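Enquirer: Sharing start-v9.txt (compact mmCIF, C-alpha atoms and all ligand atoms) below.
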# COMPACT_ATOMS: atom_id res chain seq x y z
CA MET Z 19 -13.27 -16.51 3.84
CA LEU Z 20 -16.01 -15.24 1.61
CA THR Z 21 -14.35 -13.12 -1.08
CA HIS Z 22 -16.04 -10.70 -3.42
CA ALA Z 23 -13.96 -11.05 -6.58
CA ILE Z 24 -13.40 -8.24 -9.03
CA THR Z 25 -16.19 -7.77 -11.57
CA ALA Z 26 -14.67 -5.44 -14.20
CA ASP Z 27 -12.14 -6.90 -16.66
CA PRO Z 28 -8.76 -6.42 -14.93
CA VAL Z 29 -6.80 -7.38 -18.08
CA LEU Z 30 -8.41 -4.60 -20.13
CA GLU Z 31 -7.50 -2.07 -17.46
CA PHE Z 32 -3.95 -3.42 -17.24
CA VAL Z 33 -3.57 -3.15 -21.04
CA SER Z 34 -4.87 0.40 -21.03
CA ASP Z 35 -2.60 1.51 -18.15
CA VAL Z 36 0.48 -0.14 -19.69
CA ARG Z 37 -0.26 1.52 -23.03
CA ALA Z 38 -0.82 4.93 -21.44
CA GLY Z 39 2.29 4.72 -19.23
CA LEU Z 40 4.75 3.45 -21.83
CA THR Z 41 3.68 5.88 -24.58
CA LEU Z 42 4.15 9.01 -22.47
CA ARG Z 43 6.35 11.51 -24.30
CA GLY Z 44 8.65 12.24 -21.35
CA GLN Z 45 9.17 9.98 -18.34
CA LYS Z 46 7.65 6.52 -18.92
CA GLU Z 47 5.60 5.24 -15.98
CA LEU Z 48 3.74 2.17 -14.78
CA PRO Z 49 1.26 2.36 -11.84
CA SER Z 50 2.68 0.80 -8.66
CA LYS Z 51 -0.50 -1.19 -7.99
CA TYR Z 52 0.61 -3.61 -10.75
CA LEU Z 53 3.67 -4.61 -8.70
CA TYR Z 54 1.35 -6.85 -6.65
CA ASP Z 55 0.53 -9.99 -8.61
CA ASP Z 56 1.13 -13.39 -6.97
CA VAL Z 57 4.92 -13.13 -7.32
CA GLY Z 58 5.00 -9.45 -6.30
CA SER Z 59 2.83 -9.98 -3.20
CA ALA Z 60 5.08 -12.87 -2.10
CA LEU Z 61 8.22 -10.77 -2.69
CA PHE Z 62 6.74 -7.88 -0.70
CA GLU Z 63 6.40 -10.23 2.29
CA VAL Z 64 10.15 -10.95 2.02
CA ILE Z 65 10.97 -7.23 1.73
CA SER Z 66 9.06 -6.61 4.96
CA VAL Z 67 11.50 -8.82 6.92
CA LEU Z 68 14.73 -7.50 5.36
CA PRO Z 69 17.11 -5.90 7.91
CA GLN Z 70 17.28 -2.69 5.83
CA TYR Z 71 13.48 -2.27 5.64
CA GLY Z 72 12.68 -1.14 9.18
CA LEU Z 73 9.26 0.24 8.28
CA THR Z 74 7.17 -2.91 8.72
CA ARG Z 75 8.87 -3.80 12.00
CA ALA Z 76 8.22 -0.28 13.35
CA ASP Z 77 4.57 -0.52 12.31
CA GLU Z 78 4.27 -3.94 13.94
CA ARG Z 79 5.96 -2.80 17.19
CA LEU Z 80 3.51 0.10 17.51
CA LEU Z 81 0.46 -2.06 16.78
CA ARG Z 82 1.62 -4.74 19.23
CA ARG Z 83 2.42 -2.29 22.05
CA HIS Z 84 -0.59 -0.02 21.67
CA ALA Z 85 -3.29 -2.41 20.43
CA SER Z 86 -5.36 -2.16 23.63
CA GLU Z 87 -5.10 1.64 23.71
CA ILE Z 88 -6.14 1.83 20.05
CA ALA Z 89 -9.11 -0.44 20.74
CA ASP Z 90 -10.09 1.66 23.78
CA ASN Z 91 -10.20 4.74 21.56
CA VAL Z 92 -12.68 3.41 19.00
CA PRO Z 93 -16.38 2.70 19.60
CA LYS Z 94 -17.22 -0.83 20.82
CA HIS Z 95 -19.60 -1.70 18.03
CA VAL Z 96 -17.18 -1.48 15.13
CA ALA Z 97 -16.48 -3.05 11.73
CA VAL Z 98 -12.89 -2.92 10.45
CA ALA Z 99 -12.03 -2.15 6.81
CA GLU Z 100 -8.36 -2.49 5.90
CA LEU Z 101 -7.15 -0.77 2.71
CA GLY Z 102 -4.41 -2.82 0.99
CA SER Z 103 -4.17 -5.37 3.81
CA GLY Z 104 -1.37 -7.39 2.23
CA SER Z 105 -0.95 -10.55 4.33
CA GLY Z 106 -2.56 -8.80 7.33
CA LYS Z 107 0.16 -10.19 9.61
CA LYS Z 108 0.58 -7.17 11.87
CA THR Z 109 -3.15 -6.39 11.82
CA ARG Z 110 -3.59 -9.42 14.10
CA TRP Z 111 -2.65 -7.36 17.18
CA ILE Z 112 -5.36 -4.80 16.73
CA LEU Z 113 -8.02 -7.29 15.62
CA LYS Z 114 -7.37 -9.43 18.70
CA ALA Z 115 -7.62 -6.38 20.97
CA LEU Z 116 -10.95 -5.43 19.37
CA CYS Z 117 -12.30 -9.00 19.56
CA ARG Z 118 -11.67 -9.12 23.32
CA ARG Z 119 -14.55 -6.67 23.66
CA GLN Z 120 -17.04 -8.16 21.22
CA HIS Z 121 -17.44 -9.98 17.90
CA ILE Z 122 -16.18 -7.94 14.96
CA SER Z 123 -16.37 -8.06 11.17
CA TYR Z 124 -13.10 -7.56 9.32
CA PHE Z 125 -13.07 -6.55 5.63
CA PRO Z 126 -9.65 -6.61 3.93
CA ILE Z 127 -9.76 -4.66 0.65
CA GLU Z 128 -7.09 -5.72 -1.82
CA ILE Z 129 -6.29 -5.50 -5.48
CA SER Z 130 -4.20 -8.67 -5.16
CA PRO Z 131 -6.13 -11.96 -4.79
CA THR Z 132 -2.89 -13.56 -3.56
CA ALA Z 133 -2.65 -11.03 -0.73
CA LEU Z 134 -6.30 -11.67 0.18
CA ALA Z 135 -5.64 -15.42 0.32
CA MET Z 136 -2.58 -14.84 2.54
CA CYS Z 137 -4.69 -12.63 4.77
CA GLU Z 138 -7.26 -15.34 5.27
CA ARG Z 139 -4.57 -17.90 6.16
CA GLU Z 140 -2.95 -15.45 8.55
CA LEU Z 141 -6.02 -14.18 10.38
CA GLY Z 142 -8.72 -16.84 9.83
CA ASP Z 143 -8.07 -18.38 13.26
CA ILE Z 144 -9.03 -15.31 15.30
CA GLU Z 145 -12.02 -16.15 17.45
CA SER Z 146 -15.04 -13.86 17.51
CA MET Z 147 -14.22 -12.43 14.11
CA SER Z 148 -15.68 -12.90 10.64
CA ILE Z 149 -13.63 -12.04 7.53
CA VAL Z 150 -15.07 -11.00 4.18
CA GLY Z 151 -12.47 -10.02 1.60
CA PHE Z 152 -13.04 -7.54 -1.21
CA GLU Z 153 -10.91 -7.81 -4.34
CA ARG Z 154 -11.32 -4.14 -5.15
CA GLU Z 155 -9.56 -0.80 -5.46
CA TYR Z 156 -9.37 0.97 -2.08
CA LEU Z 157 -12.31 3.35 -2.38
CA ASP Z 158 -14.60 0.98 -4.30
CA GLY Z 159 -14.07 -1.58 -1.53
CA LEU Z 160 -14.64 0.95 1.23
CA ILE Z 161 -17.93 2.07 -0.34
CA GLU Z 162 -19.11 -1.57 -0.34
CA VAL Z 163 -18.07 -2.11 3.27
CA VAL Z 164 -19.80 1.05 4.44
CA ALA Z 165 -22.98 -0.03 2.62
CA ARG Z 166 -23.07 -3.07 4.95
CA ARG Z 167 -22.90 -0.98 8.11
CA HIS Z 168 -25.44 -2.09 10.74
CA ASP Z 169 -27.46 0.40 12.77
CA GLY Z 170 -25.27 2.03 15.39
CA GLN Z 171 -22.13 0.44 13.99
CA SER Z 172 -18.99 2.49 13.58
CA ILE Z 173 -16.27 1.90 10.96
CA LEU Z 174 -12.55 1.73 11.69
CA VAL Z 175 -10.44 2.11 8.52
CA LEU Z 176 -6.89 0.79 8.68
CA PHE Z 177 -4.33 2.11 6.19
CA LEU Z 178 -1.09 0.72 7.55
CA GLY Z 179 2.51 0.35 6.45
CA SER Z 180 2.72 3.89 5.06
CA THR Z 181 0.99 2.85 1.84
CA ILE Z 182 -0.36 6.44 1.83
CA GLY Z 183 3.22 7.37 0.83
CA ASN Z 184 2.67 5.78 -2.59
CA PHE Z 185 0.47 8.78 -3.42
CA ASP Z 186 2.12 12.11 -4.17
CA ARG Z 187 1.21 14.84 -1.69
CA PRO Z 188 -1.82 16.34 -3.53
CA ALA Z 189 -3.13 12.84 -4.33
CA ALA Z 190 -2.72 11.75 -0.68
CA ALA Z 191 -4.68 14.80 0.49
CA LYS Z 192 -7.41 14.09 -2.09
CA PHE Z 193 -7.49 10.41 -1.14
CA LEU Z 194 -7.97 11.19 2.57
CA ARG Z 195 -10.77 13.63 1.69
CA GLU Z 196 -12.44 10.88 -0.36
CA VAL Z 197 -12.10 8.41 2.52
CA ARG Z 198 -13.58 11.01 4.87
CA ASN Z 199 -16.52 11.62 2.52
CA ILE Z 200 -17.36 7.91 2.48
CA LEU Z 201 -17.33 7.79 6.31
CA GLN Z 202 -19.69 9.26 8.91
CA PRO Z 203 -18.78 11.55 11.80
CA GLY Z 204 -17.34 9.45 14.62
CA ASP Z 205 -15.80 6.78 12.34
CA SER Z 206 -12.05 6.23 12.76
CA LEU Z 207 -8.95 6.00 10.58
CA LEU Z 208 -5.71 4.42 11.77
CA LEU Z 209 -3.04 5.68 9.38
CA GLY Z 210 0.60 4.56 9.27
CA THR Z 211 3.08 7.23 8.11
CA ASP Z 212 6.82 6.99 7.53
CA PHE Z 213 8.91 10.06 8.40
CA GLU Z 214 11.89 11.58 6.59
CA LYS Z 215 15.23 9.93 7.35
CA PRO Z 216 18.86 10.19 6.23
CA ILE Z 217 18.99 9.51 2.48
CA PRO Z 218 21.45 6.54 2.69
CA GLN Z 219 19.10 4.81 5.16
CA LEU Z 220 16.16 5.32 2.79
CA ILE Z 221 18.09 4.16 -0.28
CA ALA Z 222 19.20 1.00 1.55
CA ALA Z 223 15.57 0.27 2.48
CA TYR Z 224 14.54 0.35 -1.19
CA ASP Z 225 17.69 -1.19 -2.74
CA ASP Z 226 18.73 -4.08 -0.51
CA PRO Z 227 21.97 -6.01 -1.13
CA LEU Z 228 20.12 -9.32 -1.59
CA GLY Z 229 18.28 -7.88 -4.56
CA VAL Z 230 14.78 -8.70 -3.28
CA THR Z 231 13.47 -5.19 -3.98
CA ALA Z 232 15.11 -5.35 -7.41
CA ALA Z 233 13.27 -8.62 -8.10
CA PHE Z 234 10.01 -7.06 -6.83
CA ASN Z 235 10.46 -4.18 -9.26
CA LEU Z 236 11.62 -6.27 -12.25
CA ASN Z 237 8.67 -8.61 -11.72
CA LEU Z 238 6.48 -5.86 -13.15
CA LEU Z 239 8.09 -6.42 -16.57
CA ALA Z 240 7.91 -10.19 -16.04
CA ARG Z 241 4.19 -9.76 -15.29
CA ILE Z 242 3.71 -7.86 -18.55
CA ASN Z 243 5.53 -10.71 -20.32
CA ARG Z 244 3.31 -13.33 -18.64
CA GLU Z 245 -0.05 -11.60 -18.93
CA LEU Z 246 0.32 -9.56 -22.13
CA ASP Z 247 2.71 -11.83 -24.08
CA ALA Z 248 5.43 -9.16 -24.09
CA ASP Z 249 9.12 -9.85 -24.76
CA PHE Z 250 10.95 -7.71 -22.20
CA VAL Z 251 14.43 -9.17 -21.61
CA LEU Z 252 14.73 -8.71 -17.84
CA GLU Z 253 18.55 -8.84 -17.85
CA GLN Z 254 18.52 -5.70 -20.00
CA PHE Z 255 16.86 -3.64 -17.26
CA GLU Z 256 18.12 -2.76 -13.79
CA HIS Z 257 16.43 -1.65 -10.58
CA VAL Z 258 17.20 1.90 -9.42
CA ALA Z 259 16.14 3.54 -6.14
CA LYS Z 260 16.76 7.27 -5.86
CA PHE Z 261 15.74 10.13 -3.59
CA ASN Z 262 13.74 12.95 -5.13
CA PRO Z 263 14.48 15.98 -2.92
CA ASP Z 264 11.66 18.12 -4.36
CA ALA Z 265 8.98 15.48 -3.79
CA ARG Z 266 10.71 14.16 -0.62
CA SER Z 267 10.19 10.66 -1.89
CA ILE Z 268 12.12 7.55 -2.77
CA GLU Z 269 11.46 6.61 -6.37
CA MET Z 270 11.87 3.16 -7.86
CA HIS Z 271 12.69 2.98 -11.56
CA LEU Z 272 13.63 0.31 -14.08
CA ARG Z 273 16.57 1.54 -16.15
CA SER Z 274 17.28 0.23 -19.65
CA ARG Z 275 20.89 -0.98 -19.82
CA ILE Z 276 21.01 -0.61 -23.65
CA ASP Z 277 19.10 0.86 -26.59
CA GLN Z 278 16.32 -1.67 -27.17
CA ASN Z 279 12.73 -2.37 -28.23
CA ALA Z 280 10.02 -4.40 -26.53
CA THR Z 281 6.76 -5.57 -28.07
CA ILE Z 282 3.56 -6.05 -26.08
CA PRO Z 283 1.22 -7.87 -28.49
CA ARG Z 284 -1.88 -7.82 -26.28
CA ALA Z 285 -1.55 -4.05 -25.98
CA GLY Z 286 -0.79 -3.71 -29.72
CA LEU Z 287 2.37 -1.86 -28.76
CA SER Z 288 6.05 -1.71 -29.59
CA VAL Z 289 8.13 0.48 -27.29
CA SER Z 290 11.70 1.67 -27.72
CA PHE Z 291 14.06 2.52 -24.87
CA ARG Z 292 17.29 4.48 -25.04
CA GLU Z 293 20.23 3.29 -22.94
CA GLY Z 294 19.80 4.84 -19.48
CA GLU Z 295 16.10 5.67 -19.98
CA THR Z 296 13.87 4.63 -17.08
CA ILE Z 297 10.33 3.51 -16.33
CA TRP Z 298 9.12 5.04 -13.05
CA THR Z 299 7.30 2.32 -11.13
CA GLU Z 300 6.76 3.52 -7.53
CA SER Z 301 7.21 6.46 -5.17
CA SER Z 302 7.30 6.36 -1.39
CA HIS Z 303 6.78 9.83 0.03
CA LYS Z 304 8.26 10.57 3.43
CA TYR Z 305 6.58 12.96 5.85
CA GLY Z 306 7.68 15.80 8.12
CA TRP Z 307 6.72 15.44 11.79
CA THR Z 308 3.49 17.44 11.71
CA GLU Z 309 2.47 16.65 8.13
CA PRO Z 310 0.18 13.64 8.79
CA LEU Z 311 -1.85 15.71 11.28
CA ARG Z 312 -2.16 18.61 8.86
CA ILE Z 313 -3.33 16.61 5.84
CA ALA Z 314 -5.78 14.63 7.98
CA LYS Z 315 -7.16 17.85 9.49
CA ASP Z 316 -7.60 19.36 6.02
CA ALA Z 317 -9.49 16.19 5.03
CA GLY Z 318 -11.94 16.51 7.95
CA PHE Z 319 -10.38 14.32 10.64
CA VAL Z 320 -9.26 15.22 14.16
CA CYS Z 321 -6.29 13.49 15.72
CA LYS Z 322 -7.22 11.36 18.73
CA ALA Z 323 -3.74 9.93 19.35
CA GLN Z 324 -0.36 9.43 17.71
CA TRP Z 325 2.26 6.80 18.59
CA ILE Z 326 5.83 7.16 17.29
CA ASP Z 327 8.37 4.33 17.12
CA GLN Z 328 11.71 5.05 18.81
CA GLU Z 329 13.88 2.92 16.51
CA TRP Z 330 12.56 3.83 13.06
CA ALA Z 331 10.81 7.19 12.63
CA PHE Z 332 7.30 5.97 11.89
CA ALA Z 333 3.91 6.90 13.35
CA GLU Z 334 0.57 5.26 13.88
CA ASN Z 335 -2.03 8.07 13.80
CA LEU Z 336 -5.57 7.58 15.07
CA PHE Z 337 -7.98 10.05 13.47
CA ILE Z 338 -11.70 10.53 14.04
CA ALA Z 339 -14.01 11.81 11.28
CA GLU Z 340 -15.54 15.17 12.27
C1 LIG Z 401 2.90 -1.55 0.41
S1 LIG Z 401 1.81 -2.93 0.45
C2 LIG Z 401 1.34 -2.88 2.17
C3 LIG Z 401 0.71 -4.11 2.68
C4 LIG Z 401 0.34 -4.07 4.17
N1 LIG Z 401 -0.71 -3.10 4.43
C5 LIG Z 401 1.54 -3.74 5.01
O1 LIG Z 401 1.53 -2.71 5.65
O2 LIG Z 401 2.50 -4.54 5.02
C6 LIG Z 401 0.39 -2.30 -0.38
C7 LIG Z 401 -0.76 -3.29 -0.53
O3 LIG Z 401 -1.86 -2.58 -1.12
C8 LIG Z 401 -2.38 -3.32 -2.22
N2 LIG Z 401 -2.81 -2.30 -3.22
C9 LIG Z 401 -2.03 -1.49 -3.98
N3 LIG Z 401 -2.77 -0.65 -4.71
C10 LIG Z 401 -4.06 -0.93 -4.41
C11 LIG Z 401 -5.31 -0.38 -4.82
N4 LIG Z 401 -5.37 0.63 -5.69
N5 LIG Z 401 -6.45 -0.88 -4.29
C12 LIG Z 401 -6.42 -1.93 -3.39
N6 LIG Z 401 -5.25 -2.49 -2.96
C13 LIG Z 401 -4.10 -1.98 -3.45
C14 LIG Z 401 -1.24 -4.16 -2.74
O4 LIG Z 401 -1.70 -5.34 -3.37
C15 LIG Z 401 -0.44 -4.45 -1.45
O5 LIG Z 401 -0.82 -5.66 -0.85
Please go through the file and, once you have read it, give me the structure as structure tokens.

Expert:
Amino acid sequence: MLTHAITADPVLEFVSDVRAGLTLRGQKELPSKYLYDDVGSALFEVISVLPQYGLTRADERLLRRHASEIADNVPKHVAVAELGSGSGKKTRWILKALCRRQHISYFPIEISPTALAMCERELGDIESMSIVGFEREYLDGLIEVVARRHDGQSILVLFLGSTIGNFDRPAAAKFLREVRNILQPGDSLLLGTDFEKPIPQLIAAYDDPLGVTAAFNLNLLARINRELDADFVLEQFEHVAKFNPDARSIEMHLRSRIDQNATIPRAGLSVSFREGETIWTESSHKYGWTEPLRIAKDAGFVCKAQWIDQEWAFAENLFIAE
């Protein structure tokens, strides 16, 4: 796979985000995109097969069952851009359905080079398809893909696995508007959305008994140790998953077990933590039944079709840019 690697200095940006997030006066925060280094991307693959995490299986069931219908509802001459592809495992169904009609170009857009490499291994064998990976932020990558559009070619954007839920509601609405503005009328967006569920079911999905999600979360501190020479003692932090009823989201935090300090030499920073204080690392917002349609409509999309899984309340929504 040809891969367009990142051009800006990712370490400088990491340093700046870590400094900004850990020096906040109230709740300390770290952006969730930093969960996905090589270890984090591998751990996410394990999370996606855990019995408690039904989301990926629901997404995969819908894509497998409805791949032909999805393909029939997008123009024949199409290029596919996938935002945050991860390993691309479940994308295979839809790519194969599209390739049955004609050759397609597939552009996974990923911040994690490890995920891009997994994606190539996973999907590189599909006949009649070329893959060009972009190691980019979502919108930067999409702009580059759209710039390669051939005459008469339509774009299908995939944003699967409910990754949209990592944005809070105003940010998700803004993000969809930005995606719409990059696209042309008639382009398509296939968006995965996870619906609200009983709180114990959600907590179990983000705090599994094997501790894989805990390891995924703690790896963020381990990454800061590895890449910025920090001295976080991982045993002195614990993974917490809690439901935020106002935001209707599951939040992941890292809670300090004791009063302690950590130094991050490459960020020129020393940070103190009180016992019980947390670093907020990720949110997964859950949607009401009609919410995906409403935010997409406000962003300038019309809904062509929606498929809902019967076992785990999750939807695949096919939107067309107006
Ligand atoms: C929750 S995982 C989902 C992966 C896959 N789409 C799935 O459904 O299983 C989110 C993926 O998006 C990538 N990612 C996170 N933030 C990103 C950003 N700002 N730009 C590009 N990729 C990002 C991560 O590396 C990760 O592979």

Enquirer: Please identify the residues whose atoms come within 6 Å of ligand LIG 401 (chain Z), using all atoms listed in the file, and report them as number ranges by chain.

Expert: Z: 51, 54, 102-104, 127-130, 133, 154-156, 178-179, 181

Enquirer: Take the residues from that selection and put them in a file with C-alpha atoms, as an mmCIF file, in the frame of the given file.

Expert:
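Output file part01.cif is given in full below:
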data_model
loop_
_atom_site.group_PDB
_atom_site.id
_atom_site.type_symbol
_atom_site.label_atom_id
_atom_site.label_comp_id
_atom_site.auth_asym_id
_atom_site.auth_seq_id
_atom_site.Cartn_x
_atom_site.Cartn_y
_atom_site.Cartn_z
ATOM 1 C CA LYS Z 51 -0.500 -1.190 -7.990
ATOM 2 C CA TYR Z 54 1.350 -6.850 -6.650
ATOM 3 C CA GLY Z 102 -4.410 -2.820 0.990
ATOM 4 C CA SER Z 103 -4.170 -5.370 3.810
ATOM 5 C CA GLY Z 104 -1.370 -7.390 2.230
ATOM 6 C CA ILE Z 127 -9.760 -4.660 0.650
ATOM 7 C CA GLU Z 128 -7.090 -5.720 -1.820
ATOM 8 C CA ILE Z 129 -6.290 -5.500 -5.480
ATOM 9 C CA SER Z 130 -4.200 -8.670 -5.160
ATOM 10 C CA ALA Z 133 -2.650 -11.030 -0.730
ATOM 11 C CA ARG Z 154 -11.320 -4.140 -5.150
ATOM 12 C CA GLU Z 155 -9.560 -0.800 -5.460
ATOM 13 C CA TYR Z 156 -9.370 0.970 -2.080
ATOM 14 C CA LEU Z 178 -1.090 0.720 7.550
ATOM 15 C CA GLY Z 179 2.510 0.350 6.450
ATOM 16 C CA THR Z 181 0.990 2.850 1.840
#

Enquirer: Between Z:Pro69, Z:Gly44, Z:Gly210, Z:Gly286, which has the minimum distance to Thr109 (chain Z) (counting only C-alpha atoms)?

Expert: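 Residue with the minimum atom-to-atom distance to Thr109 (chain Z): Z:Gly210.
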
Enquirer: Write out as a list in words which residues come within 6 Å of region 114-120 of chain Z when counting only C-alpha atoms, dropping same-chain ones fewer than 2 positions away.

Expert: Ala85, Ser86, Ala89, Arg110, Trp111, Ile112 and Ser146 of chain Z

Enquirer: Need to verify the contact set: Ser59 (chain Z), 10 Å, only C-alpha atoms, exclusion of same-chain residues closer than 3 positions in sequence. Can you return it as a count of residues only?

Expert: 17

Enquirer: I'd like the contact shell of Ile268 (chain Z) - 12 Å cut-off, only C-alpha atoms, skipping same-chain residues fewer than 6 positions apart - returned as a compact mmCIF listing (two decimals) with C-alpha atoms, keeping the file's coordinate frame.

Expert:
# COMPACT_ATOMS: atom_id res chain seq x y z
CA GLY Z 183 3.22 7.37 0.83
CA ASN Z 184 2.67 5.78 -2.59
CA PHE Z 185 0.47 8.78 -3.42
CA ASP Z 186 2.12 12.11 -4.17
CA ASP Z 212 6.82 6.99 7.53
CA PHE Z 213 8.91 10.06 8.40
CA GLU Z 214 11.89 11.58 6.59
CA LYS Z 215 15.23 9.93 7.35
CA PRO Z 216 18.86 10.19 6.23
CA ILE Z 217 18.99 9.51 2.48
CA PRO Z 218 21.45 6.54 2.69
CA GLN Z 219 19.10 4.81 5.16
CA LEU Z 220 16.16 5.32 2.79
CA ILE Z 221 18.09 4.16 -0.28
CA ALA Z 222 19.20 1.00 1.55
CA ALA Z 223 15.57 0.27 2.48
CA TYR Z 224 14.54 0.35 -1.19
CA ASP Z 225 17.69 -1.19 -2.74
CA VAL Z 258 17.20 1.90 -9.42
CA ALA Z 259 16.14 3.54 -6.14
CA LYS Z 260 16.76 7.27 -5.86
CA PHE Z 261 15.74 10.13 -3.59
CA ASN Z 262 13.74 12.95 -5.13
CA TRP Z 298 9.12 5.04 -13.05
CA THR Z 299 7.30 2.32 -11.13
CA GLU Z 300 6.76 3.52 -7.53
CA SER Z 301 7.21 6.46 -5.17
CA SER Z 302 7.30 6.36 -1.39
CA HIS Z 303 6.78 9.83 0.03
CA LYS Z 304 8.26 10.57 3.43
CA TYR Z 305 6.58 12.96 5.85

Enquirer: Of the candidates Z:Leu40, Z:Ala333, Z:Leu160, Z:Ile173, which one gets nearest to Asn279 (chain Z) if we count all atoms listed in the file?

Expert: Z:Leu40

Enquirer: What is the CA of Asn91 (chain Z) to CA of Ser66 (chain Z) distance in Å?

Expert: 27.8 Å

Enquirer: Show me, as number ranges by chain, the residues that have an atom within 8 Å of Glu256 (chain Z) when counting only C-alpha atoms, minus same-chain residues fewer than 4 positions from it.

Expert: Z: 232, 236, 252, 272-275

Enquirer: Any idea what the distance is between CA of Pro203 (chain Z) and CA of Glu340 (chain Z)?

Expert: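 Between CA of Pro203 (chain Z) and CA of Glu340 (chain Z) the gap is 4.9 Å.
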
Enquirer: For CA of Cys321 (chain Z) and CA of Glu334 (chain Z), quote the distance in Å rounded to one decimal.

Expert: 10.9 Å

Enquirer: Hey, which of Z:His168, Z:Gly159, Z:Thr211, Z:Lys108 ends up closest to Arg79 (chain Z)? Count all atoms listed in the file.

Expert: Z:Lys108

Enquirer: Tell me which of Z:Lys46, Z:Ser267, Z:Gln278, Z:Ser206 sits closest to Phe255 (chain Z), counting all atoms listed in the file.

Expert: Z:Gln278

Enquirer: Check the smallest atom-to-atom distance from each of Z:Gly170, Z:Pro126, Z:Gly39, Z:Gly142 to Lys94 (chain Z) using all atoms listed in the file, then report the winner.

Expert: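 Of all the options, Z:Gly170 lies closest to Lys94 (chain Z).
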
Enquirer: Could you name the residues that touch region 29-31 of chain Z at 10 Å or less, counting all atoms listed in the file, but leaving out those on the same chain fewer than 6 positions away, as a ChimeraX atom specification?

Expert: /Z:37,245-246,284-285

Enquirer: Put those residues in a file: C-alpha atoms, as a compact mmCIF listing (two decimals), in the frame of the given file.

Expert:
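The result, stored in again31.txt:
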# COMPACT_ATOMS: atom_id res chain seq x y z
CA ARG Z 37 -0.26 1.52 -23.03
CA GLU Z 245 -0.05 -11.60 -18.93
CA LEU Z 246 0.32 -9.56 -22.13
CA ARG Z 284 -1.88 -7.82 -26.28
CA ALA Z 285 -1.55 -4.05 -25.98

Enquirer: Select, from Z:Gln328, Z:Thr74, Z:Thr281, Z:Ser148, the residue with the minimum atom-to-atom distance to Ile242 (chain Z), counting all atoms listed in the file.

Expert: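 Checking each candidate against Ile242 (chain Z), we get Z:Thr281 as the closest.
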
Enquirer: May I have the centre and edge lengths, in Å to one decimal, of an axis-aligned box around the listed atoms of region 297-300 of chain Z with 6 Å added to every side, as lines of an AutoDock Vina configuration file?

Expert:
center_x = 8.5
center_y = 3.7
center_z = -11.9
size_x = 15.6
size_y = 14.7
size_z = 20.8
